[in-house]
file query-v1.cif (mmCIF, C-alpha atoms and all ligand atoms)
data_structure
#
loop_
_atom_site.label_atom_id
_atom_site.label_comp_id
_atom_site.auth_asym_id
_atom_site.auth_seq_id
_atom_site.Cartn_x
_atom_site.Cartn_y
_atom_site.Cartn_z
CA MET A 7 0.00 0.00 0.00
CA PRO A 8 1.62 3.35 -0.99
CA ASP A 9 2.15 5.95 1.71
CA ILE A 10 0.11 8.98 0.69
CA HIS A 11 2.16 11.17 2.98
CA THR A 12 5.25 10.73 0.84
CA GLU A 13 6.17 13.62 -1.43
CA LYS A 14 5.19 11.60 -4.48
CA TYR A 15 1.54 12.14 -3.57
CA GLN A 16 1.70 15.84 -2.72
CA THR A 17 1.45 18.71 -5.20
CA TYR A 18 3.06 20.81 -2.47
CA LYS A 19 5.82 19.26 -0.39
CA ALA A 20 5.30 19.46 3.37
CA ASP A 21 8.25 21.83 3.87
CA ASP A 22 6.94 24.10 1.07
CA GLU A 23 3.70 24.46 3.00
CA ALA A 24 5.56 25.23 6.19
CA LYS A 25 7.64 27.88 4.37
CA ILE A 26 4.53 29.53 2.96
CA GLU A 27 2.86 29.52 6.37
CA GLN A 28 5.93 31.09 7.97
CA GLU A 29 6.50 33.65 5.26
CA PHE A 30 2.94 34.85 4.67
CA LEU A 31 0.52 33.68 7.37
CA LYS A 32 -0.12 34.68 10.98
CA GLY A 33 -1.76 32.84 13.87
CA THR A 34 -2.06 29.34 15.23
CA LYS A 35 -2.27 26.27 13.04
CA ASP A 36 -5.52 24.37 13.33
CA GLN A 37 -5.45 20.81 12.02
CA ASP A 38 -8.58 21.29 9.91
CA LEU A 39 -8.79 25.03 9.17
CA GLY A 40 -5.07 25.75 8.72
CA VAL A 41 -3.26 28.81 10.14
CA TYR A 42 -5.57 31.60 11.29
CA CYS A 43 -5.70 34.55 13.67
CA ASP A 44 -9.42 35.39 13.59
CA LEU A 45 -12.66 33.61 12.81
CA PHE A 46 -16.12 35.23 12.62
CA SER A 47 -19.19 35.41 10.42
CA ALA A 48 -20.51 38.62 8.90
CA LYS A 49 -23.27 40.13 6.80
CA SER A 50 -22.65 43.27 4.79
CA ILE A 51 -25.19 45.75 3.43
CA ILE A 52 -23.91 44.80 -0.02
CA GLU A 53 -26.00 41.88 -1.24
CA GLY A 54 -23.68 39.14 -2.49
CA GLN A 55 -23.80 35.38 -2.81
CA ASP A 56 -23.99 34.91 0.98
CA GLY A 57 -23.03 37.75 3.34
CA GLY A 58 -21.51 39.87 0.56
CA VAL A 59 -18.20 39.88 2.45
CA VAL A 60 -15.91 39.25 -0.53
CA THR A 61 -17.34 42.17 -2.48
CA THR A 62 -17.25 44.40 0.61
CA LEU A 63 -13.57 43.57 1.20
CA LEU A 64 -12.73 44.40 -2.41
CA VAL A 65 -14.67 47.68 -2.26
CA LYS A 66 -12.92 48.56 1.00
CA GLY A 67 -9.53 47.74 -0.53
CA PHE A 68 -10.18 50.10 -3.46
CA GLU A 69 -11.48 52.86 -1.16
CA GLU A 70 -8.40 52.60 1.07
CA GLY A 71 -5.97 52.39 -1.85
CA THR A 72 -4.83 48.88 -0.90
CA PHE A 73 -5.65 47.61 -4.42
CA ASP A 74 -5.23 49.11 -7.86
CA ALA A 75 -6.63 46.01 -9.55
CA ALA A 76 -8.73 43.03 -8.49
CA ILE A 77 -9.11 39.74 -10.32
CA VAL A 78 -12.73 38.63 -10.09
CA VAL A 79 -14.99 36.26 -12.02
CA ARG A 80 -17.86 37.51 -14.15
CA ARG A 81 -20.68 35.58 -15.68
CA MET A 82 -20.60 35.66 -19.46
CA GLU A 83 -22.96 34.12 -22.01
CA GLY A 84 -25.33 31.54 -20.51
CA TYR A 85 -23.72 30.07 -17.38
CA SER A 86 -20.15 30.50 -18.63
CA ALA A 87 -17.74 32.59 -16.56
CA GLU A 88 -14.37 34.28 -17.03
CA ALA A 89 -11.71 35.90 -14.91
CA VAL A 90 -11.69 39.67 -15.45
CA VAL A 91 -9.72 42.57 -14.01
CA ALA A 92 -11.75 45.10 -12.00
CA GLU A 93 -10.09 48.50 -11.73
CA ASN A 94 -12.84 50.30 -9.82
CA ILE A 95 -15.73 49.67 -7.41
CA ASN A 96 -18.39 49.42 -10.13
CA GLU A 97 -16.45 46.64 -11.84
CA VAL A 98 -16.13 44.83 -8.49
CA LEU A 99 -19.90 45.09 -7.91
CA ALA A 100 -20.61 43.76 -11.41
CA ALA A 101 -18.80 40.51 -10.51
CA LYS A 102 -20.76 39.67 -7.31
CA GLY A 103 -22.05 36.14 -6.81
CA THR A 104 -20.64 32.62 -7.07
CA LYS A 105 -20.18 30.90 -10.42
CA TYR A 106 -19.78 27.22 -9.46
CA LEU A 107 -17.15 26.60 -12.13
CA LYS A 108 -13.40 26.16 -12.16
CA VAL A 109 -12.00 29.40 -13.53
CA ASN A 110 -8.30 30.02 -14.18
CA VAL A 111 -7.72 33.31 -12.34
CA THR A 112 -3.94 32.98 -11.87
CA LYS A 113 -3.36 33.45 -15.62
CA LYS A 114 -4.71 37.00 -15.14
CA LEU A 115 -2.45 37.40 -12.10
CA ARG A 116 0.62 36.67 -14.20
CA GLU A 117 -0.58 39.16 -16.83
CA LEU A 118 -1.10 41.92 -14.26
CA ILE A 119 2.32 41.33 -12.69
CA SER A 120 4.01 41.56 -16.07
CA GLN A 121 2.06 44.79 -16.78
CA GLY A 122 3.64 46.25 -13.65
CA LYS A 123 0.58 46.44 -11.36
CA LYS A 124 1.71 46.81 -7.77
CA ARG A 125 -1.34 46.21 -5.54
CA ILE A 126 -3.39 43.28 -6.74
CA ALA A 127 -6.30 41.47 -5.09
CA ILE A 128 -7.31 38.05 -6.36
CA VAL A 129 -10.48 36.09 -5.53
CA CYS A 130 -10.08 32.37 -6.02
CA THR A 131 -10.89 28.79 -5.12
CA PRO A 132 -8.39 26.83 -2.93
CA CYS A 133 -6.49 25.30 -5.88
CA GLU A 134 -5.95 28.70 -7.47
CA ALA A 135 -5.08 30.25 -4.10
CA LYS A 136 -2.20 27.78 -3.80
CA THR A 137 -0.94 28.74 -7.24
CA ALA A 138 -1.29 32.46 -6.48
CA ARG A 139 0.78 32.04 -3.31
CA LYS A 140 3.43 30.10 -5.19
CA ILE A 141 3.62 32.89 -7.79
CA GLN A 142 3.93 35.45 -4.98
CA GLN A 143 6.69 33.40 -3.33
CA THR A 144 8.81 33.48 -6.47
CA LEU A 145 8.27 37.21 -7.19
CA LYS A 146 11.33 39.39 -7.47
CA THR A 147 9.34 42.66 -7.66
CA ASP A 148 7.68 44.71 -4.89
CA CYS A 149 4.17 43.76 -6.08
CA GLN A 150 1.70 43.23 -3.20
CA ILE A 151 -0.80 40.45 -3.72
CA THR A 152 -3.83 39.92 -1.46
CA ILE A 153 -5.49 36.54 -1.80
CA ILE A 154 -9.18 36.26 -0.94
CA GLY A 155 -9.82 32.51 -0.98
CA LEU A 156 -13.28 30.94 -1.22
CA PHE A 157 -14.32 27.76 0.55
CA CYS A 158 -14.85 25.12 -2.12
CA PHE A 159 -15.81 21.47 -2.00
CA GLU A 160 -15.82 21.11 -5.78
CA ALA A 161 -16.36 23.04 -8.98
CA PHE A 162 -18.36 21.91 -12.01
CA ASP A 163 -17.83 21.57 -15.72
CA ALA A 164 -20.31 24.04 -17.30
CA ALA A 165 -21.46 21.79 -20.17
CA LYS A 166 -21.95 18.71 -17.95
CA LEU A 167 -23.71 20.76 -15.27
CA LYS A 168 -26.10 22.16 -17.88
CA GLU A 169 -26.95 18.61 -19.01
CA GLU A 170 -27.53 17.38 -15.44
CA ILE A 171 -29.65 20.39 -14.50
CA THR A 172 -31.85 19.98 -17.58
CA MET A 173 -32.27 16.27 -16.89
CA ARG A 174 -32.88 16.49 -13.13
CA LEU A 175 -34.63 19.83 -12.68
CA GLY A 176 -36.10 20.48 -16.13
CA VAL A 177 -34.63 23.98 -16.30
CA ASP A 178 -32.01 25.60 -18.51
CA LEU A 179 -28.87 26.43 -16.52
CA ASP A 180 -28.13 29.32 -18.88
CA LYS A 181 -31.36 31.03 -17.68
CA VAL A 182 -30.57 30.58 -13.98
CA GLU A 183 -30.52 33.91 -12.10
CA LYS A 184 -28.73 32.53 -9.05
CA ALA A 185 -27.27 29.16 -8.08
CA GLN A 186 -26.54 28.25 -4.48
CA VAL A 187 -24.92 25.28 -2.75
CA ARG A 188 -26.19 24.89 0.79
CA GLN A 189 -26.65 21.99 3.20
CA GLY A 190 -25.87 19.34 0.63
CA LYS A 191 -28.19 20.80 -2.01
CA PHE A 192 -27.69 22.60 -5.31
CA MET A 193 -30.47 25.18 -5.67
CA VAL A 194 -31.23 27.33 -8.71
CA HIS A 195 -33.57 30.30 -9.17
CA VAL A 196 -35.31 30.74 -12.52
CA ASP A 197 -38.21 33.15 -13.21
CA GLY A 198 -38.83 33.64 -9.49
CA LYS A 199 -39.07 29.87 -8.80
CA GLU A 200 -36.64 27.72 -6.87
CA TYR A 201 -35.52 24.25 -7.99
CA GLY A 202 -33.06 21.96 -6.26
CA CYS A 203 -31.44 18.55 -6.10
CA ARG A 204 -28.89 16.79 -3.92
CA ILE A 205 -25.37 17.94 -4.70
CA LYS A 206 -24.42 14.25 -4.68
CA ASP A 207 -26.62 13.70 -7.72
CA LEU A 208 -24.40 16.09 -9.68
CA ASP A 209 -21.21 14.09 -9.09
CA GLY A 210 -20.92 13.30 -12.80
CA ALA A 211 -20.64 17.04 -13.59
CA ALA A 212 -17.95 17.80 -11.01
CA GLU A 213 -14.44 18.58 -12.23
CA LYS A 214 -12.43 15.35 -11.83
CA ALA A 215 -9.37 17.18 -10.45
CA CYS A 216 -11.41 18.40 -7.44
CA GLY A 217 -11.49 14.83 -6.10
CA PHE A 218 -7.72 15.10 -5.55
CA CYS A 219 -7.80 18.46 -3.76
CA GLY A 220 -7.74 18.26 0.04
CA ASP A 221 -8.17 21.97 0.78
CA PHE A 222 -11.72 23.11 1.59
CA THR A 223 -11.05 26.48 3.21
CA SER A 224 -8.31 28.00 0.98
CA GLN A 225 -5.63 27.55 3.62
CA PHE A 226 -3.04 29.73 1.85
CA ALA A 227 -5.28 32.78 1.44
CA ASP A 228 -4.98 36.03 3.41
CA VAL A 229 -8.70 35.86 4.12
CA SER A 230 -10.94 32.87 3.41
CA VAL A 231 -14.70 33.25 2.94
CA GLY A 232 -17.49 30.66 2.67
CA SER A 233 -21.08 29.94 3.59
CA VAL A 234 -20.59 26.88 5.78
CA GLY A 235 -20.61 27.40 9.56
CA CYS A 236 -22.82 30.49 9.75
CA LYS A 237 -26.45 31.67 9.55
CA GLN A 238 -28.04 31.86 6.12
CA GLY A 239 -27.23 35.21 4.48
CA TYR A 240 -23.94 35.48 6.38
CA SER A 241 -20.38 34.58 5.36
CA THR A 242 -17.86 32.70 7.47
CA VAL A 243 -14.57 34.61 7.48
CA ILE A 244 -11.16 33.14 8.37
CA VAL A 245 -8.38 35.73 8.73
CA ARG A 246 -4.92 34.26 8.12
CA SER A 247 -2.34 37.05 7.76
CA LYS A 248 -1.39 40.64 8.59
CA ALA A 249 -2.67 41.72 5.18
CA GLY A 250 -5.93 39.92 5.96
CA GLU A 251 -6.21 41.61 9.36
CA LYS A 252 -5.77 45.03 7.79
CA LEU A 253 -8.40 44.25 5.19
CA VAL A 254 -11.08 43.14 7.71
CA GLU A 255 -10.29 45.96 10.18
CA ASN A 256 -13.38 48.13 10.78
CA LEU A 257 -15.37 46.06 8.31
CA ASP A 258 -18.79 47.60 7.77
CA ALA A 259 -20.80 44.45 8.54
CA ALA A 260 -22.89 42.81 11.27
CA LYS A 261 -20.76 40.17 13.01
CA GLU A 262 -21.69 36.80 14.53
CA THR A 263 -19.92 33.65 15.72
CA VAL A 264 -19.06 30.58 13.63
CA ASP A 265 -19.89 26.91 14.07
CA LYS A 266 -16.25 25.87 13.74
CA GLN A 267 -17.08 22.16 14.05
CA GLU A 268 -19.21 22.35 10.93
CA VAL A 269 -16.41 23.95 8.90
CA ALA A 270 -13.90 21.43 10.31
CA ARG A 271 -16.21 18.52 9.45
CA LEU A 272 -16.28 19.46 5.76
CA ALA A 273 -12.57 20.27 5.71
CA LYS A 274 -11.82 16.78 7.10
CA PHE A 275 -14.23 15.16 4.68
CA LYS A 276 -12.57 16.82 1.68
CA LYS A 277 -9.09 15.87 2.89
CA GLU A 278 -10.16 12.24 3.33
CA ARG A 279 -11.72 12.18 -0.12
CA ALA A 280 -8.44 13.39 -1.66
CA LYS A 281 -6.48 10.69 0.17
CA LYS A 282 -8.88 8.03 -1.09
CA SER A 283 -8.63 9.34 -4.66
CA PHE A 284 -4.83 9.08 -4.61
CA LEU A 285 -4.97 5.60 -3.09
CA ALA A 286 -7.49 4.41 -5.67
CA LEU A 287 -5.08 5.43 -8.44
CA ASN A 288 -2.66 2.83 -7.20
CA SER A 289 -4.96 0.04 -6.10
CA PRO A 290 -4.94 -3.06 -8.25
CA ARG A 291 -8.24 -3.39 -10.13
C1 LIG A 301 -16.69 26.66 -7.31
C2 LIG A 301 -17.11 27.17 -5.95
C3 LIG A 301 -17.56 26.25 -5.00
C4 LIG A 301 -17.89 26.69 -3.71
N1 LIG A 301 -18.30 25.77 -2.78
C5 LIG A 301 -18.54 26.16 -1.51
C6 LIG A 301 -18.87 25.20 -0.51
O1 LIG A 301 -18.94 23.99 -0.78
N2 LIG A 301 -19.11 25.65 0.75
C7 LIG A 301 -19.01 26.99 1.08
O2 LIG A 301 -19.19 27.34 2.26
N3 LIG A 301 -18.70 27.92 0.15
C8 LIG A 301 -18.46 27.54 -1.13
N4 LIG A 301 -18.13 28.47 -2.07
C9 LIG A 301 -18.04 29.89 -1.68
C10 LIG A 301 -19.39 30.59 -1.66
O3 LIG A 301 -20.19 30.17 -2.75
C11 LIG A 301 -19.25 32.14 -1.74
O4 LIG A 301 -18.46 32.47 -2.86
C12 LIG A 301 -18.61 32.71 -0.50
O5 LIG A 301 -19.39 32.35 0.62
C13 LIG A 301 -18.52 34.24 -0.59
O6 LIG A 301 -19.79 34.81 -0.50
P1 LIG A 301 -19.96 36.39 -0.54
O7 LIG A 301 -21.42 36.73 -0.40
O8 LIG A 301 -18.99 37.02 0.39
O9 LIG A 301 -19.49 36.66 -2.06
P2 LIG A 301 -19.77 37.88 -3.02
O10 LIG A 301 -19.65 39.17 -2.29
O11 LIG A 301 -20.99 37.62 -3.82
O12 LIG A 301 -18.49 37.77 -3.99
C14 LIG A 301 -18.17 36.58 -4.65
C15 LIG A 301 -16.83 36.78 -5.33
O13 LIG A 301 -16.36 35.54 -5.82
C16 LIG A 301 -15.91 35.71 -7.16
N5 LIG A 301 -16.14 34.44 -7.86
C17 LIG A 301 -17.32 33.92 -8.27
N6 LIG A 301 -17.14 32.73 -8.84
C18 LIG A 301 -15.82 32.47 -8.79
C19 LIG A 301 -15.00 31.39 -9.24
N7 LIG A 301 -15.53 30.33 -9.85
N8 LIG A 301 -13.67 31.46 -9.02
C20 LIG A 301 -13.11 32.54 -8.42
N9 LIG A 301 -13.85 33.61 -7.98
C21 LIG A 301 -15.18 33.56 -8.16
C22 LIG A 301 -16.75 36.85 -7.70
O14 LIG A 301 -16.13 37.49 -8.78
C23 LIG A 301 -16.87 37.76 -6.47
O15 LIG A 301 -15.78 38.63 -6.40
C24 LIG A 301 -17.81 28.08 -3.38
C25 LIG A 301 -17.38 28.99 -4.36
C26 LIG A 301 -17.00 28.55 -5.63
C27 LIG A 301 -16.51 29.56 -6.65
#
call {"tool": "encode", "arguments": {"input": "query-v1.cif", "output": "structure tokens"}}
result
Amino acid sequence: MPDIHTEKYQTYKADDEAKIEQEFLKGTKDQDLGVYCDLFSAKSIIEGQDGGVVTTLLVKGFEEGTFDAAIVVRRMEGYSAEAVVAENINEVLAAKGTKYLKVNVTKKLRELISQGKKRIAIVCTPCEAKTARKIQQTLKTDCQITIIGLFCFEAFDAAKLKEEITMRLGVDLDKVEKAQVRQGKFMVHVDGKEYGCRIKDLDGAAEKACGFCGDFTSQFADVSVGSVGCKQGYSTVIVRSKAGEKLVENLDAAKETVDKQEVARLAKFKKERAKKSFLALNSPR
């Protein structure tokens, strides 16, 4: 039986992780949530996917001059989505809401760095947050990068998701006004009506690579944000660095506590799934 803790089975070596934590993060290391210095839930007056915290942090960063560009994800034709660069608050607001797809945002990060941008914010899923941190670690310039990581159990392939949603819910994904994953369900809103199915039933549409990712809470981000562990309409916020602390300071939002066990439960579950996926690769059939 192969040992999944050997370097062969890690995209990041254990000492790489430790270096990143030392160099960029602040706080105590929690086995399930990673390094963090603050944990709370919040609801902003800006209406977003959940508590609108990500958009509020980006707006705040532009107002305070912390960012001169932010990489966000906008919905395009149908349910497709693309990484775009927001250079002002209106462009940040236009990109609110979750698109449950895997979007390559770090390509835009490399472009912005080579254009000479100096204060960049990037919103990303855990896999992309790892890449963004690796890019930052190798930078030779004085470019400041702030990573806002999203919680993510898995992302979907747009074409396969469209097929599944048509088959299971009888609605066209391209016409969906809002999609929401909550409490094991995938819910969509079309023409004022809500439709939903178990997220498990959409397994066939999930990106295969997600099964090998063991990071639920974007452990390398400056601030991580998700919907698990808090009241509906709120966002769970994990602050992981000095840059993150500065960004959440005096946040204009109602604050509440977090059900940490619930976040930890999903984080463990995702880690276990990744281990099993790697083991299955090497099991005799
Ligand atoms: C693929 C995916 C799966 C997720 N799964 C979970 C989950 O299982 N459990 C959970 O608690 N939370 C999950 N989330 C996070 C959750 O859906 C919200 O994004 C998060 O709670 C922030 O809410 P908000 O109201 O603060 O966001 P908002 O203020 O609405 O801002 C959302 C921001 O995310 C950006 N964005 C949207 N889609 C993407 C994308 N695909 N890649 C990168 N950036 C994007 C937008 O441009 C915007 O800046 C997932 C997010 C994604 C993208």
call {"tool": "residues_around", "arguments": {"input": "query-v1.cif", "residues": "Ile26 in chain A", "least_positions_apart": "5", "cutoff": "12 Å", "atoms": "all atoms listed in the file", "output": "list in words"}}
result
Tyr18, Lys19, Ala20, Asp21, Leu31, Lys32, Gly40, Val41, Ala135, Lys136, Thr137, Ala138, Arg139, Lys140, Ile141, Gln142, Gln143, Thr144, Gln225, Phe226, Ala227, Asp228, Arg246 and Ser247 of chain A
call {"tool": "residues_near_ligand", "arguments": {"input": "query-v1.cif", "ligand": "ligand LIG 301 (chain A)", "cutoff": "8 Å", "atoms": "only C-alpha atoms and all ligand atoms", "output": "PyMOL selection string"}}
result
chain A and resi 52-62+64+77-80+87+89+98-99+101-111+129-131+156-162+186-188+222+231-235+239-242+269
call {"tool": "atom_distance", "arguments": {"input": "query-v1.cif", "atom1": "CA of Ile205 in chain A", "atom2": "CA of Leu272 in chain A"}}
result
13.9 Å
call {"tool": "closest_residue", "arguments": {"input": "query-v1.cif", "among": "A:Ala185, A:Ala75, A:Ala165, A:Cys216", "to": "Ser283 in chain A", "atoms": "all atoms listed in the file"}}
result
A:Cys216
call {"tool": "closest_residue", "arguments": {"input": "query-v1.cif", "among": "A:Arg116, A:Cys149, A:Gly210, A:Asn288", "to": "Glu169 in chain A", "atoms": "all atoms listed in the file"}}
result
A:Gly210
call {"tool": "atom_distance", "arguments": {"input": "query-v1.cif", "atom1": "CA of Ser230 in chain A", "atom2": "CA of Val243 in chain A"}}
result
5.7 Å
call {"tool": "closest_residue", "arguments": {"input": "query-v1.cif", "among": "A:Gly217, A:Glu134, A:Asp38, A:Gln189", "to": "Lys282 in chain A", "atoms": "only C-alpha atoms"}}
result
A:Gly217
call {"tool": "atom_distance", "arguments": {"input": "query-v1.cif", "atom1": "CA of Lys214 in chain A", "atom2": "CA of Leu175 in chain A"}}
result
22.7 Å
call {"tool": "closest_residue", "arguments": {"input": "query-v1.cif", "among": "A:Ile128, A:Leu145, A:Cys236, A:Leu287", "to": "Lys261 in chain A", "atoms": "only C-alpha atoms"}}
result
A:Cys236
call {"tool": "closest_residue", "arguments": {"input": "query-v1.cif", "among": "A:Leu208, A:Leu253, A:Val177, A:Cys219", "to": "Phe73 in chain A", "atoms": "only C-alpha atoms"}}
result
A:Leu253
call {"tool": "closest_residue", "arguments": {"input": "query-v1.cif", "among": "A:Val245, A:Glu268, A:Glu251, A:Gln28", "to": "Leu45 in chain A", "atoms": "all atoms listed in the file"}}
result
A:Val245
call {"tool": "residues_near_point", "arguments": {"input": "query-v1.cif", "point": "(-19.1, 38.1, 10.5)", "cutoff": "6 Å", "atoms": "all atoms listed in the file", "output": "PDB file with C-alpha atoms, in the frame of the given file"}}
result
ATOM      1  CA  PHE A  46     -16.120  35.230  12.620  1.00  0.00           C
ATOM      2  CA  SER A  47     -19.190  35.410  10.420  1.00  0.00           C
ATOM      3  CA  ALA A  48     -20.510  38.620   8.900  1.00  0.00           C
ATOM      4  CA  LYS A  49     -23.270  40.130   6.800  1.00  0.00           C
ATOM      5  CA  LYS A 261     -20.760  40.170  13.010  1.00  0.00           C
ATOM      6  CA  GLU A 262     -21.690  36.800  14.530  1.00  0.00           C
TER       7      GLU A 262
END
